[in-house]
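Heads up, the thing below is written out as structure tokens.
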Amino acid sequence: MSTDEAVDAAIRDAAEELGLPAYYRSLVRSLVRNPNGRWPRCCGGGCSPCADTLCQVALRACELLGTPRTEPLP
């Protein structure tokens, strides 16, 4: 399995576990690709999906890939 395939599989599995619809998975990819980068925060505006949800899916995908985030979330 290539790296891209592994990332896609981890995002798919994490999204399914956490109930994120498939059409939002692409929003998680950039977070997974930069696990210790600057991630978005919830703005409190009732967005769908909320940035917190995207971050939770990305955190889980990183765990599944064996590359957990080591920096605290903002």
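The chains in the structure tokens are called A, B, ... from first to last as shown; in each chain the residues are counted from 1, and the ligands are counted from 1 in the order shown.
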Report the residues of stretch 18-71 of chain A whose backbone DSSP state falls under helix (DSSP H, G or I), written as an mmCIF file with N, CA and C atoms, in the first residue's frame.
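The resulting file, part-v4.cif, is reproduced below:
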data_model
loop_
_atom_site.group_PDB
_atom_site.id
_atom_site.type_symbol
_atom_site.label_atom_id
_atom_site.label_comp_id
_atom_site.auth_asym_id
_atom_site.auth_seq_id
_atom_site.Cartn_x
_atom_site.Cartn_y
_atom_site.Cartn_z
ATOM 1 N N LEU A 18 -15.987 8.361 13.506
ATOM 2 C CA LEU A 18 -16.461 9.591 14.143
ATOM 3 C C LEU A 18 -17.655 10.221 13.439
ATOM 4 N N ALA A 22 -18.494 11.307 4.024
ATOM 5 C CA ALA A 22 -17.403 11.088 3.068
ATOM 6 C C ALA A 22 -17.043 12.342 2.289
ATOM 7 N N TYR A 23 -18.020 13.191 1.995
ATOM 8 C CA TYR A 23 -17.728 14.370 1.180
ATOM 9 C C TYR A 23 -16.913 15.433 1.911
ATOM 10 N N TYR A 24 -16.646 15.256 3.205
ATOM 11 C CA TYR A 24 -15.792 16.187 3.948
ATOM 12 C C TYR A 24 -14.374 15.646 4.181
ATOM 13 N N SER A 26 -11.837 15.215 2.322
ATOM 14 C CA SER A 26 -10.732 15.964 1.703
ATOM 15 C C SER A 26 -10.275 17.121 2.588
ATOM 16 N N LEU A 27 -11.150 17.635 3.434
ATOM 17 C CA LEU A 27 -10.791 18.725 4.337
ATOM 18 C C LEU A 27 -9.826 18.271 5.433
ATOM 19 N N VAL A 28 -9.800 16.981 5.678
ATOM 20 C CA VAL A 28 -8.956 16.423 6.740
ATOM 21 C C VAL A 28 -7.538 16.130 6.232
ATOM 22 N N ARG A 29 -7.408 15.889 4.943
ATOM 23 C CA ARG A 29 -6.116 15.459 4.373
ATOM 24 C C ARG A 29 -4.976 16.417 4.693
ATOM 25 N N SER A 30 -5.179 17.720 4.552
ATOM 26 C CA SER A 30 -4.087 18.667 4.816
ATOM 27 C C SER A 30 -3.667 18.644 6.277
ATOM 28 N N LEU A 31 -4.593 18.373 7.169
ATOM 29 C CA LEU A 31 -4.249 18.283 8.594
ATOM 30 C C LEU A 31 -3.398 17.040 8.860
ATOM 31 N N VAL A 32 -3.792 15.938 8.258
ATOM 32 C CA VAL A 32 -3.053 14.681 8.447
ATOM 33 C C VAL A 32 -1.653 14.787 7.849
ATOM 34 N N ARG A 33 -1.539 15.478 6.733
ATOM 35 C CA ARG A 33 -0.234 15.651 6.086
ATOM 36 C C ARG A 33 0.717 16.530 6.911
ATOM 37 N N ALA A 51 -14.762 22.902 12.830
ATOM 38 C CA ALA A 51 -13.318 22.666 12.796
ATOM 39 C C ALA A 51 -12.916 21.644 13.858
ATOM 40 N N ASP A 52 -13.595 21.640 14.989
ATOM 41 C CA ASP A 52 -13.288 20.653 16.040
ATOM 42 C C ASP A 52 -13.503 19.228 15.536
ATOM 43 N N THR A 53 -14.548 19.026 14.759
ATOM 44 C CA THR A 53 -14.824 17.700 14.204
ATOM 45 C C THR A 53 -13.729 17.290 13.233
ATOM 46 N N LEU A 54 -13.333 18.215 12.362
ATOM 47 C CA LEU A 54 -12.262 17.920 11.412
ATOM 48 C C LEU A 54 -10.973 17.574 12.149
ATOM 49 N N CYS A 55 -10.679 18.303 13.217
ATOM 50 C CA CYS A 55 -9.465 18.037 13.996
ATOM 51 C C CYS A 55 -9.543 16.680 14.690
ATOM 52 N N GLN A 56 -10.705 16.322 15.195
ATOM 53 C CA GLN A 56 -10.849 15.020 15.847
ATOM 54 C C GLN A 56 -10.640 13.880 14.857
ATOM 55 N N VAL A 57 -11.168 14.029 13.667
ATOM 56 C CA VAL A 57 -10.965 13.009 12.634
ATOM 57 C C VAL A 57 -9.486 12.947 12.248
ATOM 58 N N ALA A 58 -8.858 14.101 12.083
ATOM 59 C CA ALA A 58 -7.435 14.129 11.734
ATOM 60 C C ALA A 58 -6.584 13.515 12.842
ATOM 61 N N LEU A 59 -6.906 13.815 14.104
ATOM 62 C CA LEU A 59 -6.159 13.216 15.218
ATOM 63 C C LEU A 59 -6.258 11.702 15.186
ATOM 64 N N ARG A 60 -7.463 11.200 14.947
ATOM 65 C CA ARG A 60 -7.659 9.745 14.905
ATOM 66 C C ARG A 60 -6.931 9.132 13.714
ATOM 67 N N ALA A 61 -6.984 9.797 12.566
ATOM 68 C CA ALA A 61 -6.276 9.285 11.386
ATOM 69 C C ALA A 61 -4.774 9.243 11.645
ATOM 70 N N CYS A 62 -4.240 10.271 12.283
ATOM 71 C CA CYS A 62 -2.810 10.290 12.614
ATOM 72 C C CYS A 62 -2.459 9.137 13.547
ATOM 73 N N GLU A 63 -3.326 8.873 14.518
ATOM 74 C CA GLU A 63 -3.104 7.728 15.418
ATOM 75 C C GLU A 63 -3.074 6.428 14.627
ATOM 76 N N LEU A 64 -4.023 6.264 13.715
ATOM 77 C CA LEU A 64 -4.083 5.048 12.907
ATOM 78 C C LEU A 64 -2.842 4.886 12.035
ATOM 79 N N LEU A 65 -2.266 6.001 11.617
ATOM 80 C CA LEU A 65 -1.054 5.966 10.787
ATOM 81 C C LEU A 65 0.216 5.795 11.622
#
Counting only C-alpha atoms, the option among A:Pro49, A:Gly44, A:Gly66, A:Pro35 closest to A:Ala10: A:Gly66
For atom CA of A:Pro68 and atom CA of A:Gly37, determine how far apart the two atoms are, in Å to one decimal place.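 About the pair atom CA of A:Pro68 and atom CA of A:Gly37: they are 12.0 Å apart.
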Hey, what's within 10 Å of A:Pro74 if we count only C-alpha atoms and toss same-chain stuff fewer than 2 positions away? As a PDB file with C-alpha atoms, in the first residue's frame, please?
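The resulting file, result_31.pdb, is shown below:
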ATOM      1  CA  ARG A  38      -1.333  25.005  12.749  1.00  0.00           C
ATOM      2  CA  TRP A  39      -4.823  23.529  12.783  1.00  0.00           C
ATOM      3  CA  PRO A  40      -8.125  25.451  12.732  1.00  0.00           C
ATOM      4  CA  ARG A  41     -10.175  26.228  15.805  1.00  0.00           C
ATOM      5  CA  CYS A  42     -13.903  26.297  16.327  1.00  0.00           C
ATOM      6  CA  GLU A  71       1.800  19.559  19.739  1.00  0.00           C
ATOM      7  CA  PRO A  72      -1.241  20.659  21.772  1.00  0.00           C
TER       8      PRO A  72
END
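Note that atom CA of A:Gly45 and atom CA of A:Asp13 are 27.4 Å apart.
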